[in-house]
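Before any comments, here is the structure.
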Amino acid sequence: MPPAEVLPASRIAVLPASVADAIAAGEVVDRPAAVVKELVENAIDAGAHRITVRVQDAGRGLVEVVDDGSGIFPEDLSVAFQRHATSKISRLEDMRAVSTLGFRGEALASIAAVAEVEAVSRAAGREAGHRVLLQAGAVLESGVAGSPPGTRLTVKRLFFNTPARLRFLKQPATENGVIVRLVSELALAWPDRSLRLELDGRRVIDTSGEGDLRATLAALYDAETAAAMLSLDDAVVEGLIAPPSIHRATRDHTIILVNGRRIHHRNLAFAVEQAYRGLRDPDRFPVAVLNLRIDASDVDVNVHPTKREVRFRNEGALFATIERACYRALRRSPVYELEAAAAGLAIREAPVLTPYYGTAESGAEPTAADASRLPPLAYVGQLLDSYLVAESRDAVVLIDQHAAHERVLFDRILTRLDQRSPAGQLLLLPQLVELGPPQVAALQSNQEWIERLGFQAEPFGPQTVRLRAAPAELPDRAVADVFARLLDDLAQDRTPEARRRATAALLACHGAVRFGDRLTAESASGLLAALSVTAEPISCPHGRPTTLVLPDQQLRRLFRRP
Amino acid sequence: MRLTCSAGVLGQGLHVVSRAVSSRTTLPILNNVLMQTADNGLQLTATNLEIGIRQTIPAQVQEEGGITVPARLLTDFVTSHPEEPLTMSLDKKTQSLSLKSARFDATIRGIDPADFPPVPAGVDGRKVKVDQTGLREAIEQTVIAASTDEGRPVLTGVYVQLNGGKATLAATDGHRLAVKTLAVEAEAGETDTIVVPARALTELGRILKTGEERIDVTVGAQKNQVFFKTGDVELMSRLIEGTYPNYQQVIPAQSTTTITTKTQDLLFTTKMVSLFSKDAANVIKFKTEGGKLTLTANTSEVGQNVAGVDAKIDGQDLQVAFNSKYLLDVLAILGTEEVQLGFTGPLNPGIIRPVGKDDYLYIIMPVRVAM
């Protein structure tokens, strides 16, 4: 065994400024995207209209931001890179009402501490520009230079003096992805600024800066998505949210801004999701860009160095306001219409234009009157044992029989649960269900809830129960499966009440007629009649459309009638 | 192939076998009817692969042969044709069938009979004879309880138990059960059990005539097919494999409340009341109190209907709820003036019998509701 290594005694000393700066920089500048964020936000604060971001080698090679903003005075240019140097606040009182994006005076200093930075700027009203070159926070060169109005900041050799940071960077594709998302979000937050992003010479983002959020969204997503977005304009909440038919696999597409600043706030994003309840799949998330107009003194942004997190004076009220605004926009959303498009048929959500749809009084609680109404439908027939065809005024209406029945049963089951009046069909042939230990535990602790649904289960051995009754809507074949799934759900930590809608959706899905079931004319007409009186007839509890309207005028176009 | 037959007789034959033609199929030849010459006649066959129907009609055959032609077109042509002789001849080269009569000269393009799926003729196996009228009634009274859900295939069939001179037919969809017993002519000591698709029995019921004539039933030796033969019509069906659940234990031995009433009156009243339960899983409630029977249905958003029924009630007062459809189905086919309903409480099976007959019973499982 080798002798234990004896460490030389170390003396405690105050760190040199350069080391301290490098450490502090880590708080703000943790990855190339953070550089992009700080520089673009500075450009926005400088009133720039056109901002171009060039990134090479995922930010390790180059991050350059060129703007046409107000520029920096030559005498300020080197000072700008000192810690807590800012033009945005000067007194402590200013912090209570911060309206600019940056204010802490950390960004430039932090970046300069960990990279080689060249800044060229010509302030408004000056004849010539000025240039400084810094490395690891120290000014290497400074002098007059030719420059168009505005500022060009070039960051090279990022993290050259913090190898640990360098090592922890992700794959270039990942870092690029973060940068693209960041610039997209900034573009959506500032539709009146033209943002351009070039990755290794390839133009990825280019927004017009005309001040139109929908146009910006079209540049970032696609024209169809942008056209389909529903707009909100409330006293507090403004922006665009996607109709239920458009969704994404992650939460990244729900963007919340507070007075134009992008924030990350789990709870407020959840308020948006809540508004889609019954309209979306649990693992699909909305596309939304919402700006909250809040008095600057009601929000504290100085919680986190990168200002990602903020605190609100009255978060509960804000949550309710967002949810209500989104809910109302969604429920006023329209039936799904088919229209002739280049590729054949396209689906679009028709604007609200007929008296079939209720109108909402602003400020009122969402009510059934807000919901979309189907036009009166006359049943025509069934297609492919899966779709119902109906005729409406000047339109053909196609109905997904499963989705429609699901919606009908969902409402019925929810009503029953609310009224606490179960309908449990007793089974002539009791079914045995094998359960795992978590399921057994879930059954024991939720007995009353399970019976309220209509199930009746009795023990039949340690891991087996005998089902003697099941919800009246469920066909025999689905009983055991649905029961087991229900217990799986209950074994999660959520309370039965929180799962009320999910449970109703589960029962409805398994109770509904299936794709491929032939329906008699009588039961099909009955289904249409039942669908038309549900609260949200246009989509099933998972958010898929139940009905597609093919207006006569579109049919005429497809048949090329004059 | 060349023959002459009566348009009227051919039309009737096509009408019978067309029941087995599948209307929606990916196999075009199943839309066709197979026509083959036979001993002094023309044999018509149609199948949807689950059941097959064959009938031989009288015809003067001049030249033997066979062809398949679209059933729909041929049936429409023949049944609209005046009642007079039709001469058919086949052009083998083009596989087209020519139909000639005094005024018409039609040609129908066909498909080679070699492509038609084989529909075996019943030969070997256990044979029993059964009265047509009785079998038709037994089918009518049991198929209503069979399941239409392919999820549990065995329940889409009717369970038939042969035991000496007796056959018991039973069907259940898990919520109700129908059991019918009828006499058959079989060799003593014969026992057998099969599950016949309810759809096949429904088609058989349409073919069966009322009358004294008996029908031959043959269960194939492989126990995978059953053949029914009545006169010149044969129907064959595959059998459903699987173990039929033991339904006997469900049948209650006695009742604590019995209700006896007029079948038609109860049927009418149930129909009226159940109009108000369409949006509530068809649940209607029966209540007996002080010798009176009351039927109630309500749906909170729709409204409610309460009706009294004249009935003779014995035993304890009772409140029970069930799916009105299950009750309507049985009342419509009971066939007796009076019906008896027996219950032993709101959570036990109810039993329904035709008054004056002991060859039929129907079990209905209640629905648990808040009373």
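Going through the structure tokens in order, the chains are called A, B, and so on, while each chain numbers its residues from 1 and the ligands are numbered from 1 in the order shown.
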Problem set entry | Near-Thr142 of chain B list (8 Å; only C-alpha atoms; drop same-chain fewer than 5 positions) as a ChimeraX atom specification | /B:158,169-171,178-180
Residues from last step as file, all heavy atoms, as a short mmCIF file (atom, residue, chain, number, x, y, z; two decimals), in the first residue's frame:
```
data_model
loop_
_atom_site.label_atom_id
_atom_site.label_comp_id
_atom_site.auth_asym_id
_atom_site.auth_seq_id
_atom_site.Cartn_x
_atom_site.Cartn_y
_atom_site.Cartn_z
N VAL B 158 -75.59 -20.07 -29.96
CA VAL B 158 -76.62 -20.69 -29.12
C VAL B 158 -76.09 -22.07 -28.74
O VAL B 158 -75.64 -22.84 -29.60
CB VAL B 158 -77.97 -20.80 -29.86
CG1 VAL B 158 -78.97 -21.58 -29.03
CG2 VAL B 158 -78.49 -19.40 -30.17
N LEU B 169 -81.78 -25.46 -25.80
CA LEU B 169 -81.06 -24.35 -26.44
C LEU B 169 -80.89 -23.24 -25.41
O LEU B 169 -81.86 -22.88 -24.73
CB LEU B 169 -81.85 -23.80 -27.64
CG LEU B 169 -81.76 -24.54 -28.98
CD1 LEU B 169 -82.36 -25.93 -28.88
CD2 LEU B 169 -82.46 -23.73 -30.07
N ALA B 170 -79.68 -22.72 -25.30
CA ALA B 170 -79.44 -21.65 -24.33
C ALA B 170 -78.58 -20.58 -24.98
O ALA B 170 -77.70 -20.88 -25.78
CB ALA B 170 -78.75 -22.20 -23.09
N ALA B 171 -78.87 -19.33 -24.62
CA ALA B 171 -78.05 -18.23 -25.13
C ALA B 171 -77.96 -17.15 -24.06
O ALA B 171 -78.93 -16.91 -23.33
CB ALA B 171 -78.66 -17.65 -26.41
N ALA B 178 -81.49 -16.94 -22.06
CA ALA B 178 -82.73 -17.57 -22.52
C ALA B 178 -82.49 -19.07 -22.62
O ALA B 178 -81.46 -19.49 -23.14
CB ALA B 178 -83.14 -17.00 -23.88
N VAL B 179 -83.41 -19.86 -22.10
CA VAL B 179 -83.27 -21.32 -22.14
C VAL B 179 -84.57 -21.92 -22.65
O VAL B 179 -85.66 -21.64 -22.13
CB VAL B 179 -82.94 -21.91 -20.75
CG1 VAL B 179 -82.72 -23.42 -20.86
CG2 VAL B 179 -81.72 -21.24 -20.16
N LYS B 180 -84.47 -22.74 -23.69
CA LYS B 180 -85.66 -23.34 -24.29
C LYS B 180 -85.43 -24.84 -24.45
O LYS B 180 -84.34 -25.27 -24.84
CB LYS B 180 -85.88 -22.71 -25.68
CG LYS B 180 -86.97 -23.35 -26.50
CD LYS B 180 -88.33 -22.83 -26.09
CE LYS B 180 -89.42 -23.37 -27.02
NZ LYS B 180 -90.74 -22.83 -26.62
#
```
For this session: Give me, as a ChimeraX atom specification, the contact residues of chain B against chain A at a cut-off of 10 Å, counting only C-alpha atoms.
Result: /B:24,147,149-152,172-177,245-247,249-251,278-283,300-301,321-323,347-349,363-371
